file my_file.pdb (PDB, C-alpha atoms)
ATOM      1  CA  MET A 107     104.357 230.851 187.098
ATOM      2  CA  ASN A 108     101.200 228.997 187.999
ATOM      3  CA  GLU A 109     100.941 227.650 184.519
ATOM      4  CA  GLN A 110     101.014 223.908 184.147
ATOM      5  CA  PRO A 111     104.167 222.768 182.301
ATOM      6  CA  GLU A 112     102.149 220.922 179.648
ATOM      7  CA  THR A 113      99.996 223.965 178.918
ATOM      8  CA  LYS A 114     103.079 226.179 178.848
ATOM      9  CA  ASP A 115     104.841 223.940 176.354
ATOM     10  CA  LEU A 116     101.734 223.737 174.230
ATOM     11  CA  ALA A 117     101.311 227.511 174.287
ATOM     12  CA  GLU A 118     104.919 228.027 173.293
ATOM     13  CA  GLN A 119     104.789 225.500 170.505
ATOM     14  CA  CYS A 120     101.516 226.723 169.080
ATOM     15  CA  LEU A 121     102.435 230.405 169.252
ATOM     16  CA  ASN A 122     105.736 229.565 167.656
ATOM     17  CA  HIS A 123     103.923 227.747 164.863
ATOM     18  CA  VAL A 124     101.402 230.535 164.349
ATOM     19  CA  LEU A 125     103.998 233.332 164.322
ATOM     20  CA  ARG A 126     106.312 231.535 161.928
ATOM     21  CA  GLU A 127     103.493 230.950 159.490
ATOM     22  CA  LEU A 128     102.793 234.658 159.207
ATOM     23  CA  PRO A 129     103.713 236.337 155.922
ATOM     24  CA  LEU A 130     106.257 239.137 155.898
ATOM     25  CA  ARG A 131     105.119 242.701 156.015
ATOM     26  CA  ARG A 132     105.389 244.554 152.753
ATOM     27  CA  ALA A 133     108.023 247.278 152.940
ATOM     28  CA  PRO A 134     106.751 250.798 152.193
ATOM     29  CA  ALA A 135     106.969 251.831 148.559
ATOM     30  CA  THR A 136     109.058 254.814 149.635
ATOM     31  CA  LEU A 137     111.870 252.687 151.076
ATOM     32  CA  GLU A 138     113.579 251.953 147.773
ATOM     33  CA  SER A 139     113.499 255.565 146.620
ATOM     34  CA  ARG A 140     114.786 256.717 150.018
ATOM     35  CA  VAL A 141     117.744 254.358 149.845
ATOM     36  CA  LEU A 142     118.513 255.375 146.249
ATOM     37  CA  LYS A 143     118.330 259.040 147.163
ATOM     38  CA  GLU A 144     120.627 258.532 150.122
ATOM     39  CA  LEU A 145     123.103 256.551 148.021
ATOM     40  CA  LYS A 146     123.145 259.312 145.417
ATOM     41  CA  ARG A 147     123.614 261.955 148.084
ATOM     42  CA  GLY A 148     126.547 259.999 149.508
ATOM     43  CA  ALA A 149     128.093 259.588 146.067
ATOM     44  CA  ASP A 150     127.769 263.315 145.370
ATOM     45  CA  LEU A 151     129.605 264.306 148.537
ATOM     46  CA  PRO A 152     133.154 265.622 148.094
ATOM     47  CA  TRP A 153     135.820 263.242 149.367
ATOM     48  CA  TRP A 154     136.657 265.279 152.459
ATOM     49  CA  ARG A 155     133.087 264.900 153.728
ATOM     50  CA  ARG A 156     133.104 261.119 153.434
ATOM     51  CA  GLY A 157     134.617 258.575 155.809
ATOM     52  CA  PHE A 158     138.377 258.280 156.101
ATOM     53  CA  GLY A 159     138.276 254.984 154.207
ATOM     54  CA  SER A 160     136.870 256.764 151.143
ATOM     55  CA  TRP A 161     139.610 259.389 150.955
ATOM     56  CA  PRO A 162     142.173 259.136 148.102
ATOM     57  CA  PHE A 163     145.222 257.118 149.073
ATOM     58  CA  SER A 164     147.633 260.053 148.699
ATOM     59  CA  VAL A 165     145.469 262.209 150.984
ATOM     60  CA  ARG A 166     145.227 259.456 153.567
ATOM     61  CA  ALA A 167     149.012 259.035 153.497
ATOM     62  CA  ALA A 168     149.538 262.789 153.841
ATOM     63  CA  PHE A 169     147.051 262.923 156.717
ATOM     64  CA  VAL A 170     148.784 260.120 158.585
ATOM     65  CA  ALA A 171     152.192 261.728 157.970
ATOM     66  CA  GLY A 172     150.880 265.102 159.179
ATOM     67  CA  CYS A 173     149.435 263.580 162.347
ATOM     68  CA  GLY A 174     152.724 261.782 162.962
ATOM     69  CA  ALA A 175     154.631 265.033 162.553
ATOM     70  CA  ILE A 176     152.370 266.862 165.020
ATOM     71  CA  ILE A 177     152.685 264.088 167.593
ATOM     72  CA  GLY A 178     156.443 263.925 167.090
ATOM     73  CA  SER A 179     156.933 267.668 167.421
ATOM     74  CA  THR A 180     154.781 267.722 170.563
ATOM     75  CA  LEU A 181     156.865 265.000 172.168
ATOM     76  CA  LEU A 182     160.054 266.714 171.036
ATOM     77  CA  GLU A 183     159.043 270.042 172.521
ATOM     78  CA  GLY A 184     158.175 268.288 175.780
ATOM     79  CA  SER A 185     161.616 266.733 175.944
ATOM     80  CA  TRP A 186     163.259 270.082 175.203
ATOM     81  CA  ALA A 187     161.343 271.737 178.028
ATOM     82  CA  ILE A 188     162.397 269.011 180.422
ATOM     83  CA  ALA A 189     166.006 269.435 179.324
ATOM     84  CA  GLY A 190     165.875 273.116 180.192
ATOM     85  CA  VAL A 191     165.661 274.582 176.733
ATOM     86  CA  ARG A 192     163.414 277.591 177.320
ATOM     87  CA  VAL A 193     164.026 279.680 174.237
ATOM     88  CA  LEU A 194     160.955 278.365 172.500
ATOM     89  CA  ASN A 195     158.802 278.813 175.617
ATOM     90  CA  GLU A 196     159.895 282.429 176.008
ATOM     91  CA  ALA A 197     158.994 283.119 172.410
ATOM     92  CA  VAL A 198     155.583 281.602 173.032
ATOM     93  CA  ILE A 199     155.091 283.656 176.200
ATOM     94  CA  GLN A 200     155.968 286.870 174.347
ATOM     95  CA  SER A 201     153.589 286.053 171.552
ATOM     96  CA  MET A 202     150.825 285.443 174.126
ATOM     97  CA  SER A 203     151.262 288.804 175.880
ATOM     98  CA  TRP A 204     147.695 289.772 175.002
ATOM     99  CA  MET A 205     146.538 287.156 177.492
ATOM    100  CA  HIS A 206     148.320 288.761 180.466
ATOM    101  CA  PRO A 207     145.223 290.594 181.832
ATOM    102  CA  ALA A 208     143.192 287.392 181.727
ATOM    103  CA  VAL A 209     145.975 285.464 183.449
ATOM    104  CA  ALA A 210     146.194 288.196 186.089
ATOM    105  CA  ALA A 211     142.437 288.009 186.695
ATOM    106  CA  VAL A 212     142.533 284.244 187.111
ATOM    107  CA  THR A 213     145.523 284.534 189.439
ATOM    108  CA  SER A 214     143.691 287.127 191.538
ATOM    109  CA  ALA A 215     140.623 284.924 191.765
ATOM    110  CA  GLY A 216     142.793 282.037 192.888
ATOM    111  CA  GLN A 217     144.446 284.174 195.533
ATOM    112  CA  PHE A 218     141.039 285.353 196.742
ATOM    113  CA  ALA A 219     139.831 281.748 196.985
ATOM    114  CA  ALA A 220     142.965 280.785 198.911
ATOM    115  CA  LEU A 221     142.368 283.704 201.289
ATOM    116  CA  LEU A 222     138.758 282.596 201.878
ATOM    117  CA  GLU A 223     139.924 279.056 202.461
ATOM    118  CA  ARG A 224     142.302 280.310 205.184
ATOM    119  CA  VAL A 225     139.687 282.565 206.816
ATOM    120  CA  ILE A 226     136.675 280.199 206.752
ATOM    121  CA  PRO A 227     136.933 277.183 209.072
ATOM    122  CA  SER A 228     137.277 273.906 207.167
ATOM    123  CA  THR A 229     134.231 272.486 209.003
ATOM    124  CA  TRP A 230     132.062 275.117 207.341
ATOM    125  CA  LEU A 231     133.448 274.243 203.944
ATOM    126  CA  TYR A 232     132.663 270.558 204.460
ATOM    127  CA  GLY A 233     129.197 271.529 205.672
ATOM    128  CA  VAL A 234     128.580 273.544 202.510
ATOM    129  CA  ILE A 235     129.737 270.629 200.340
ATOM    130  CA  VAL A 236     127.478 268.169 202.192
ATOM    131  CA  ALA A 237     124.510 270.567 202.000
ATOM    132  CA  GLY A 238     125.090 270.995 198.286
ATOM    133  CA  ALA A 239     125.184 267.228 197.778
ATOM    134  CA  LEU A 240     121.967 266.782 199.780
ATOM    135  CA  LEU A 241     120.188 269.477 197.797
ATOM    136  CA  TYR A 242     121.338 267.875 194.560
ATOM    137  CA  ALA A 243     120.080 264.459 195.693
ATOM    138  CA  ALA A 244     116.746 265.980 196.787
ATOM    139  CA  LEU A 245     116.287 267.675 193.420
ATOM    140  CA  PHE A 246     117.197 264.445 191.652
ATOM    141  CA  GLY A 247     114.622 262.532 193.696
ATOM    142  CA  LEU A 248     111.968 265.153 193.052
ATOM    143  CA  GLY A 249     112.704 265.008 189.340
ATOM    144  CA  ALA A 250     112.386 261.218 189.340
ATOM    145  CA  ALA A 251     109.130 261.343 191.297
ATOM    146  CA  ALA A 252     107.708 263.995 188.959
ATOM    147  CA  TYR A 253     108.720 261.951 185.921
ATOM    148  CA  ARG A 254     107.132 258.785 187.288
ATOM    149  CA  THR A 255     103.990 260.596 188.354
ATOM    150  CA  LEU A 256     103.401 262.869 185.398
ATOM    151  CA  TYR A 257     105.015 261.057 182.489
ATOM    152  CA  LEU A 258     104.611 257.362 183.210
ATOM    153  CA  GLN A 259     100.989 257.510 184.366
ATOM    154  CA  PRO A 260      98.889 257.233 181.220
ATOM    155  CA  SER A 261      95.706 258.111 183.100
ATOM    156  CA  ILE A 262      97.151 261.508 184.021
ATOM    157  CA  ALA A 263      99.441 262.464 181.213
ATOM    158  CA  GLY A 264      98.104 260.316 178.405
ATOM    159  CA  ASP A 265      99.721 257.268 176.886
ATOM    160  CA  ARG A 266     102.561 258.514 174.756
ATOM    161  CA  ARG A 267     103.276 255.222 173.030
TER     162      ARG A 267
ATOM    163  CA  MET B  35     117.742 247.113 142.973
ATOM    164  CA  THR B  36     116.801 243.482 142.451
ATOM    165  CA  PHE B  37     118.882 242.794 145.546
ATOM    166  CA  MET B  38     116.903 245.274 147.588
ATOM    167  CA  ARG B  39     113.538 244.080 146.324
ATOM    168  CA  ALA B  40     114.453 240.544 147.289
ATOM    169  CA  TYR B  41     115.117 241.442 150.910
ATOM    170  CA  GLN B  42     113.307 244.668 151.745
ATOM    171  CA  ASP B  43     110.167 242.988 153.119
ATOM    172  CA  MET B  44     112.210 240.770 155.422
ATOM    173  CA  VAL B  45     114.334 243.680 156.678
ATOM    174  CA  PHE B  46     111.335 245.927 157.192
ATOM    175  CA  SER B  47     109.341 243.177 158.945
ATOM    176  CA  THR B  48     112.207 242.475 161.321
ATOM    177  CA  ALA B  49     112.498 246.116 162.316
ATOM    178  CA  ALA B  50     108.745 246.728 162.438
ATOM    179  CA  ARG B  51     108.019 243.784 164.724
ATOM    180  CA  LEU B  52     110.708 244.822 167.161
ATOM    181  CA  THR B  53     109.907 248.530 167.226
ATOM    182  CA  GLY B  54     106.157 248.321 166.745
ATOM    183  CA  ASN B  55     106.500 251.531 164.745
ATOM    184  CA  ASP B  56     106.466 251.679 160.936
ATOM    185  CA  SER B  57     108.201 255.018 160.650
ATOM    186  CA  GLN B  58     111.117 253.924 162.835
ATOM    187  CA  ALA B  59     111.246 250.602 161.022
ATOM    188  CA  GLU B  60     111.581 252.354 157.668
ATOM    189  CA  ASP B  61     114.448 254.492 158.974
ATOM    190  CA  ILE B  62     116.193 251.394 160.293
ATOM    191  CA  ALA B  63     115.605 249.465 157.055
ATOM    192  CA  GLN B  64     117.143 252.355 155.123
ATOM    193  CA  GLU B  65     120.227 252.249 157.337
ATOM    194  CA  VAL B  66     120.493 248.473 156.901
ATOM    195  CA  PHE B  67     120.552 248.810 153.114
ATOM    196  CA  MET B  68     123.011 251.702 153.260
ATOM    197  CA  ARG B  69     125.376 249.392 155.136
ATOM    198  CA  ALA B  70     124.638 246.545 152.764
ATOM    199  CA  PHE B  71     125.582 248.655 149.763
ATOM    200  CA  GLN B  72     128.919 249.456 151.384
ATOM    201  CA  GLN B  73     129.650 245.716 151.125
ATOM    202  CA  PHE B  74     127.638 245.101 148.025
ATOM    203  CA  ALA B  75     130.494 243.488 146.105
ATOM    204  CA  HIS B  76     130.590 240.717 148.684
ATOM    205  CA  LEU B  77     126.894 240.461 149.487
ATOM    206  CA  ARG B  78     125.677 240.444 145.881
ATOM    207  CA  THR B  79     126.891 236.900 145.348
ATOM    208  CA  SER B  80     126.864 235.671 148.915
ATOM    209  CA  PRO B  81     124.394 232.905 149.764
ATOM    210  CA  THR B  82     124.268 234.256 153.322
ATOM    211  CA  ALA B  83     123.201 237.763 152.327
ATOM    212  CA  GLY B  84     119.728 237.225 153.785
ATOM    213  CA  GLY B  85     121.136 236.122 157.123
ATOM    214  CA  TRP B  86     123.563 239.033 157.133
ATOM    215  CA  LEU B  87     120.753 241.519 156.469
ATOM    216  CA  LYS B  88     118.541 239.970 159.138
ATOM    217  CA  THR B  89     121.310 240.099 161.722
ATOM    218  CA  VAL B  90     122.169 243.692 160.890
ATOM    219  CA  ALA B  91     118.489 244.666 160.957
ATOM    220  CA  THR B  92     118.026 243.030 164.357
ATOM    221  CA  ASN B  93     121.167 244.562 165.825
ATOM    222  CA  LEU B  94     120.466 248.048 164.471
ATOM    223  CA  THR B  95     116.919 247.910 165.798
ATOM    224  CA  LEU B  96     118.084 246.773 169.203
ATOM    225  CA  ASN B  97     120.733 249.503 169.253
ATOM    226  CA  TYR B  98     118.051 252.031 168.451
ATOM    227  CA  LEU B  99     115.727 250.690 171.134
ATOM    228  CA  MET B 100     118.518 250.462 173.716
ATOM    229  CA  ARG B 101     119.508 254.059 173.099
ATOM    230  CA  TYR B 102     115.899 255.098 173.504
ATOM    231  CA  ARG B 103     115.516 252.936 176.592
ATOM    232  CA  LYS B 104     118.652 254.308 178.236
ATOM    233  CA  ARG B 105     117.156 257.779 178.157
ATOM    234  CA  ARG B 106     114.088 256.609 180.059
ATOM    235  CA  ARG B 107     115.423 253.698 182.042
ATOM    236  CA  LEU B 108     116.935 255.714 184.881
ATOM    237  CA  PHE B 109     113.500 256.577 186.122
ATOM    238  CA  SER B 110     111.295 253.864 184.721
ATOM    239  CA  GLU B 111     113.270 250.627 185.047
ATOM    240  CA  LEU B 112     115.523 251.135 188.040
ATOM    241  CA  SER B 113     115.224 247.487 188.942
ATOM    242  CA  ASP B 114     116.413 244.962 186.401
ATOM    243  CA  ASP B 115     113.688 242.597 187.422
ATOM    244  CA  ALA B 116     111.008 245.205 187.828
ATOM    245  CA  VAL B 117     107.890 243.896 186.139
ATOM    246  CA  ASP B 118     104.668 245.778 185.822
ATOM    247  CA  GLU B 119     102.122 243.444 187.367
ATOM    248  CA  SER B 120      99.286 245.312 185.701
ATOM    249  CA  THR B 121     100.429 243.996 182.340
ATOM    250  CA  VAL B 122     100.025 240.385 183.350
ATOM    251  CA  ALA B 123      97.257 238.806 181.379
ATOM    252  CA  PRO B 124      95.034 236.159 182.866
ATOM    253  CA  GLN B 125      96.021 232.576 182.321
ATOM    254  CA  ILE B 126      94.294 231.030 179.375
ATOM    255  CA  GLU B 127      94.109 227.588 177.995
ATOM    256  CA  TRP B 128      93.665 226.856 174.358
ATOM    257  CA  ALA B 129      94.130 224.333 171.616
ATOM    258  CA  GLN B 130      96.110 224.843 168.448
ATOM    259  CA  ASP B 131      93.255 224.189 166.059
ATOM    260  CA  THR B 132      91.168 226.941 167.618
ATOM    261  CA  VAL B 133      93.554 229.689 166.595
ATOM    262  CA  PHE B 134      92.834 231.881 163.557
ATOM    263  CA  ALA B 135      90.205 229.612 162.168
ATOM    264  CA  GLY B 136      89.012 230.773 158.772
ATOM    265  CA  LEU B 137      91.356 233.732 158.368
ATOM    266  CA  SER B 138      93.692 234.427 155.467
ATOM    267  CA  ALA B 139      97.430 234.716 156.066
ATOM    268  CA  GLU B 140      97.357 238.477 155.543
ATOM    269  CA  GLN B 141      94.458 238.878 157.973
ATOM    270  CA  ARG B 142      96.343 236.809 160.537
ATOM    271  CA  ARG B 143      99.419 238.963 160.064
ATOM    272  CA  LEU B 144      97.471 242.185 160.554
ATOM    273  CA  LEU B 145      95.847 240.883 163.705
ATOM    274  CA  VAL B 146      99.053 239.572 165.220
ATOM    275  CA  ASP B 147     100.955 242.751 164.366
ATOM    276  CA  ASP B 148      98.225 244.802 165.986
ATOM    277  CA  ALA B 149      98.304 242.596 169.083
ATOM    278  CA  LEU B 150     102.103 242.769 169.214
ATOM    279  CA  ARG B 151     101.948 246.558 169.138
ATOM    280  CA  GLN B 152      99.762 246.503 172.229
ATOM    281  CA  LEU B 153     102.338 244.635 174.291
ATOM    282  CA  PRO B 154     104.707 246.609 176.520
ATOM    283  CA  PRO B 155     107.983 247.132 174.593
ATOM    284  CA  HIS B 156     110.111 244.975 176.909
ATOM    285  CA  GLN B 157     107.706 242.049 176.471
ATOM    286  CA  ARG B 158     107.263 242.535 172.729
ATOM    287  CA  ILE B 159     110.994 242.706 172.042
ATOM    288  CA  ALA B 160     111.767 239.581 174.048
ATOM    289  CA  LEU B 161     108.908 237.669 172.434
ATOM    290  CA  VAL B 162     109.872 238.689 168.893
ATOM    291  CA  LEU B 163     113.509 237.779 169.461
ATOM    292  CA  TYR B 164     112.499 234.371 170.767
ATOM    293  CA  HIS B 165     109.788 233.418 168.305
ATOM    294  CA  PHE B 166     110.809 235.265 165.135
ATOM    295  CA  GLU B 167     114.576 235.550 165.432
ATOM    296  CA  ASP B 168     115.221 232.124 166.970
ATOM    297  CA  LEU B 169     117.360 233.450 169.794
ATOM    298  CA  SER B 170     117.654 231.501 173.027
ATOM    299  CA  TYR B 171     116.718 232.984 176.402
ATOM    300  CA  GLN B 172     120.388 233.401 177.211
ATOM    301  CA  GLU B 173     121.146 235.172 173.935
ATOM    302  CA  ILE B 174     118.201 237.507 174.445
ATOM    303  CA  ALA B 175     119.351 238.310 177.978
ATOM    304  CA  GLU B 176     122.808 239.160 176.662
ATOM    305  CA  LYS B 177     121.525 241.261 173.810
ATOM    306  CA  LEU B 178     119.118 243.213 175.998
ATOM    307  CA  GLN B 179     121.539 243.368 178.926
ATOM    308  CA  VAL B 180     118.966 242.100 181.406
ATOM    309  CA  SER B 181     118.802 239.028 183.613
ATOM    310  CA  LEU B 182     117.788 235.620 182.336
ATOM    311  CA  THR B 183     114.914 235.568 184.816
ATOM    312  CA  LYS B 184     113.514 238.795 183.437
ATOM    313  CA  VAL B 185     113.677 237.502 179.875
ATOM    314  CA  LYS B 186     111.811 234.329 180.804
ATOM    315  CA  THR B 187     109.210 236.276 182.753
ATOM    316  CA  ASP B 188     108.722 238.802 179.948
ATOM    317  CA  ILE B 189     108.313 236.125 177.300
ATOM    318  CA  ARG B 190     105.904 234.069 179.383
ATOM    319  CA  ARG B 191     103.778 237.107 180.120
ATOM    320  CA  ALA B 192     103.981 238.317 176.533
ATOM    321  CA  ARG B 193     102.688 234.949 175.309
ATOM    322  CA  ALA B 194      99.812 235.042 177.768
ATOM    323  CA  ALA B 195      99.016 238.664 176.902
ATOM    324  CA  LEU B 196      99.200 238.019 173.170
ATOM    325  CA  LEU B 197      96.839 235.048 173.380
ATOM    326  CA  HIS B 198      94.546 237.031 175.622
ATOM    327  CA  LEU B 199      94.463 239.912 173.129
ATOM    328  CA  LEU B 200      93.730 237.569 170.261
ATOM    329  CA  GLN B 201      91.055 235.821 172.281
ATOM    330  CA  SER B 202      89.404 239.041 173.418
ATOM    331  CA  SER B 203      89.195 240.262 169.838
ATOM    332  CA  GLY B 204      87.253 237.124 169.013
ATOM    333  CA  LEU B 205      89.918 235.675 166.803
ATOM    334  CA  VAL B 206      90.627 232.728 168.981
ATOM    335  CA  ARG B 207      87.575 230.628 169.578
ATOM    336  CA  GLU B 208      86.617 229.312 172.966
ATOM    337  CA  CYS B 209      89.461 227.343 174.421
ATOM    338  CA  LEU B 210      89.165 223.753 175.271
TER     339      LEU B 210
END

call {"tool": "encode", "arguments": {"input": "my_file.pdb", "output": "structure tokens"}}
result
Amino acid sequence: MNEQPETKDLAEQCLNHVLRELPLRRAPATLESRVLKELKRGADLPWWRRGFGSWPFSVRAAFVAGCGAIIGSTLLEGSWAIAGVRVLNEAVIQSMSWMHPAVAAVTSAGQFAALLERVIPSTWLYGVIVAGALLYAALFGLGAAAYRTLYLQPSIAGDRR
Amino acid sequence: MTFMRAYQDMVFSTAARLTGNDSQAEDIAQEVFMRAFQQFAHLRTSPTAGGWLKTVATNLTLNYLMRYRKRRRLFSELSDDAVDESTVAPQIEWAQDTVFAGLSAEQRRLLVDDALRQLPPHQRIALVLYHFEDLSYQEIAEKLQVSLTKVKTDIRRARAALLHLLQSSGLVRECL
């Protein structure tokens, strides 16, 4: 900032000249073999483990058609439900009967939470939320301070670069 | 493999100067050539293959560094314009013909690479992009997602620090 413009321009020009004159670094001898090995590994992979673009055309077409069918059936079922067709839903509910205890437990927990919400004054609830947010912010600040103090101070924690 | 041999030094140098780390640079160079071989049919005969590889190497390296920086930035670079004053080197004056007198090109390269590695990453990256990759201040600011002021400050301080490092190692003779 205190640099004289002429000196600054000269420094820029000279450094530019010096850096451009430098020869390239020689790549490690292992680079070529690494790339070859990786290419071979990629070529040996079965088609389903490669990118979509590498799949056979017929498989890609079948995949797209399958996805379209799933999306279409999902939309169709949604429209049926809206129209009041519940036969399919009832069949699904019957087939999911093994989940009834879990559903009952979740429902009970919800009812218990609703009961607590009615019993405990809303001011308390807001207070708990604010206290939680403050504690979170305090922990965040402490974490940041610890990181700056212990990690970013080379004299204490050692230069990790 | 003739293709790779023709460009591997350039790709590796680009990544190594930006990262300051040979191991990371080799990983990035490998990824650059993996991408190149996906478009080999086009690149094999393209006169702009070198430019394509250099651009991809630069962008992949910056992506790598940005990902790494994002993990640390929250705590270490909260302010976009935060600059560590302790890294500011003293102002020096010099003349072009005093630099690197009597050294071979390879010796100069080793010394500059070593000095570059000693710069803080944000200064080194900005300096390399400006002097080696021919990017403007504005382009560097956009690529690094920082302000134009910060880029200018980083590059100015990096130049001063680099010359100071070279001078303190006795490689730059007394300045005029």

call {"tool": "atom_distance", "arguments": {"input": "my_file.pdb", "atom1": "CA of Pro152 in chain A", "atom2": "CA of Phe169 in chain A"}}
result
16.6 Å

call {"tool": "atom_distance", "arguments": {"input": "my_file.pdb", "atom1": "CA of Ala63 in chain B", "atom2": "CA of Ala49 in chain B"}}
result
7.0 Å

call {"tool": "closest_residue", "arguments": {"input": "my_file.pdb", "among": "B:Ile174, B:Leu52, B:Leu196, B:Val90", "to": "chain A", "atoms": "only C-alpha atoms"}}
result
B:Leu196

call {"tool": "interface_residues", "arguments": {"input": "my_file.pdb", "of": "chain A", "to": "chain B", "cutoff": "10 Å", "atoms": "all atoms listed in the file", "output": "PyMOL selection string"}}
result
chain A and resi 107-110+113-114+116-134+136-142+144-145+148+247+249-254+257-258+267

call {"tool": "atom_distance", "arguments": {"input": "my_file.pdb", "atom1": "CA of Leu221 in chain A", "atom2": "CA of Met202 in chain A"}}
result
28.5 Å

call {"tool": "decode", "arguments": {"input": "my_file.pdb", "residues": "range 97-103 of chain B", "atoms": "all heavy atoms", "output": "PDB file, in the first residue's frame"}}
result
ATOM      1  N   ASN B  97     -11.084 -26.547  -7.221  1.00  0.00           N
ATOM      2  CA  ASN B  97     -12.206 -27.245  -6.573  1.00  0.00           C
ATOM      3  C   ASN B  97     -11.728 -27.992  -5.341  1.00  0.00           C
ATOM      4  O   ASN B  97     -12.364 -27.957  -4.288  1.00  0.00           O
ATOM      5  CB  ASN B  97     -12.847 -28.246  -7.537  1.00  0.00           C
ATOM      6  CG  ASN B  97     -13.673 -27.562  -8.595  1.00  0.00           C
ATOM      7  OD1 ASN B  97     -13.983 -26.385  -8.471  1.00  0.00           O
ATOM      8  ND2 ASN B  97     -14.014 -28.281  -9.646  1.00  0.00           N
ATOM      9  N   TYR B  98     -10.599 -28.646  -5.481  1.00  0.00           N
ATOM     10  CA  TYR B  98     -10.039 -29.395  -4.355  1.00  0.00           C
ATOM     11  C   TYR B  98      -9.713 -28.441  -3.207  1.00  0.00           C
ATOM     12  O   TYR B  98     -10.072 -28.684  -2.056  1.00  0.00           O
ATOM     13  CB  TYR B  98      -8.776 -30.133  -4.816  1.00  0.00           C
ATOM     14  CG  TYR B  98      -8.051 -30.817  -3.699  1.00  0.00           C
ATOM     15  CD1 TYR B  98      -8.381 -32.125  -3.329  1.00  0.00           C
ATOM     16  CD2 TYR B  98      -7.056 -30.165  -2.982  1.00  0.00           C
ATOM     17  CE1 TYR B  98      -7.738 -32.737  -2.291  1.00  0.00           C
ATOM     18  CE2 TYR B  98      -6.399 -30.776  -1.942  1.00  0.00           C
ATOM     19  CZ  TYR B  98      -6.741 -32.066  -1.600  1.00  0.00           C
ATOM     20  OH  TYR B  98      -6.096 -32.668  -0.553  1.00  0.00           O
ATOM     21  N   LEU B  99      -9.048 -27.337  -3.538  1.00  0.00           N
ATOM     22  CA  LEU B  99      -8.649 -26.395  -2.494  1.00  0.00           C
ATOM     23  C   LEU B  99      -9.853 -25.710  -1.863  1.00  0.00           C
ATOM     24  O   LEU B  99      -9.868 -25.441  -0.670  1.00  0.00           O
ATOM     25  CB  LEU B  99      -7.702 -25.346  -3.077  1.00  0.00           C
ATOM     26  CG  LEU B  99      -6.330 -25.892  -3.515  1.00  0.00           C
ATOM     27  CD1 LEU B  99      -5.565 -24.855  -4.319  1.00  0.00           C
ATOM     28  CD2 LEU B  99      -5.517 -26.316  -2.304  1.00  0.00           C
ATOM     29  N   MET B 100     -10.877 -25.423  -2.674  1.00  0.00           N
ATOM     30  CA  MET B 100     -12.077 -24.774  -2.143  1.00  0.00           C
ATOM     31  C   MET B 100     -12.818 -25.706  -1.191  1.00  0.00           C
ATOM     32  O   MET B 100     -13.320 -25.280  -0.158  1.00  0.00           O
ATOM     33  CB  MET B 100     -13.015 -24.360  -3.276  1.00  0.00           C
ATOM     34  CG  MET B 100     -12.438 -23.334  -4.210  1.00  0.00           C
ATOM     35  SD  MET B 100     -12.323 -21.707  -3.479  1.00  0.00           S
ATOM     36  CE  MET B 100     -13.899 -21.054  -3.949  1.00  0.00           C
ATOM     37  N   ARG B 101     -12.872 -26.979  -1.573  1.00  0.00           N
ATOM     38  CA  ARG B 101     -13.526 -27.941  -0.671  1.00  0.00           C
ATOM     39  C   ARG B 101     -12.792 -27.990   0.647  1.00  0.00           C
ATOM     40  O   ARG B 101     -13.384 -27.992   1.713  1.00  0.00           O
ATOM     41  CB  ARG B 101     -13.534 -29.338  -1.300  1.00  0.00           C
ATOM     42  CG  ARG B 101     -14.686 -29.620  -2.207  1.00  0.00           C
ATOM     43  CD  ARG B 101     -14.948 -31.108  -2.297  1.00  0.00           C
ATOM     44  NE  ARG B 101     -13.770 -31.857  -2.677  1.00  0.00           N
ATOM     45  CZ  ARG B 101     -13.373 -32.071  -3.929  1.00  0.00           C
ATOM     46  NH1 ARG B 101     -14.062 -31.547  -4.911  1.00  0.00           N
ATOM     47  NH2 ARG B 101     -12.308 -32.777  -4.200  1.00  0.00           N
ATOM     48  N   TYR B 102     -11.463 -28.034   0.571  1.00  0.00           N
ATOM     49  CA  TYR B 102     -10.648 -28.096   1.770  1.00  0.00           C
ATOM     50  C   TYR B 102     -10.820 -26.818   2.587  1.00  0.00           C
ATOM     51  O   TYR B 102     -10.956 -26.848   3.796  1.00  0.00           O
ATOM     52  CB  TYR B 102      -9.188 -28.284   1.363  1.00  0.00           C
ATOM     53  CG  TYR B 102      -8.222 -28.298   2.516  1.00  0.00           C
ATOM     54  CD1 TYR B 102      -8.218 -29.361   3.403  1.00  0.00           C
ATOM     55  CD2 TYR B 102      -7.325 -27.260   2.723  1.00  0.00           C
ATOM     56  CE1 TYR B 102      -7.333 -29.383   4.461  1.00  0.00           C
ATOM     57  CE2 TYR B 102      -6.447 -27.274   3.769  1.00  0.00           C
ATOM     58  CZ  TYR B 102      -6.452 -28.334   4.632  1.00  0.00           C
ATOM     59  OH  TYR B 102      -5.575 -28.341   5.690  1.00  0.00           O
ATOM     60  N   ARG B 103     -10.860 -25.676   1.858  1.00  0.00           N
ATOM     61  CA  ARG B 103     -10.979 -24.404   2.554  1.00  0.00           C
ATOM     62  C   ARG B 103     -12.321 -24.270   3.247  1.00  0.00           C
ATOM     63  O   ARG B 103     -12.413 -23.754   4.350  1.00  0.00           O
ATOM     64  CB  ARG B 103     -10.800 -23.252   1.566  1.00  0.00           C
ATOM     65  CG  ARG B 103     -10.652 -21.917   2.257  1.00  0.00           C
ATOM     66  CD  ARG B 103     -10.482 -20.802   1.277  1.00  0.00           C
ATOM     67  NE  ARG B 103     -11.707 -20.559   0.541  1.00  0.00           N
ATOM     68  CZ  ARG B 103     -11.893 -19.487  -0.215  1.00  0.00           C
ATOM     69  NH1 ARG B 103     -10.948 -18.604  -0.345  1.00  0.00           N
ATOM     70  NH2 ARG B 103     -13.008 -19.313  -0.869  1.00  0.00           N
TER      71      ARG B 103
END
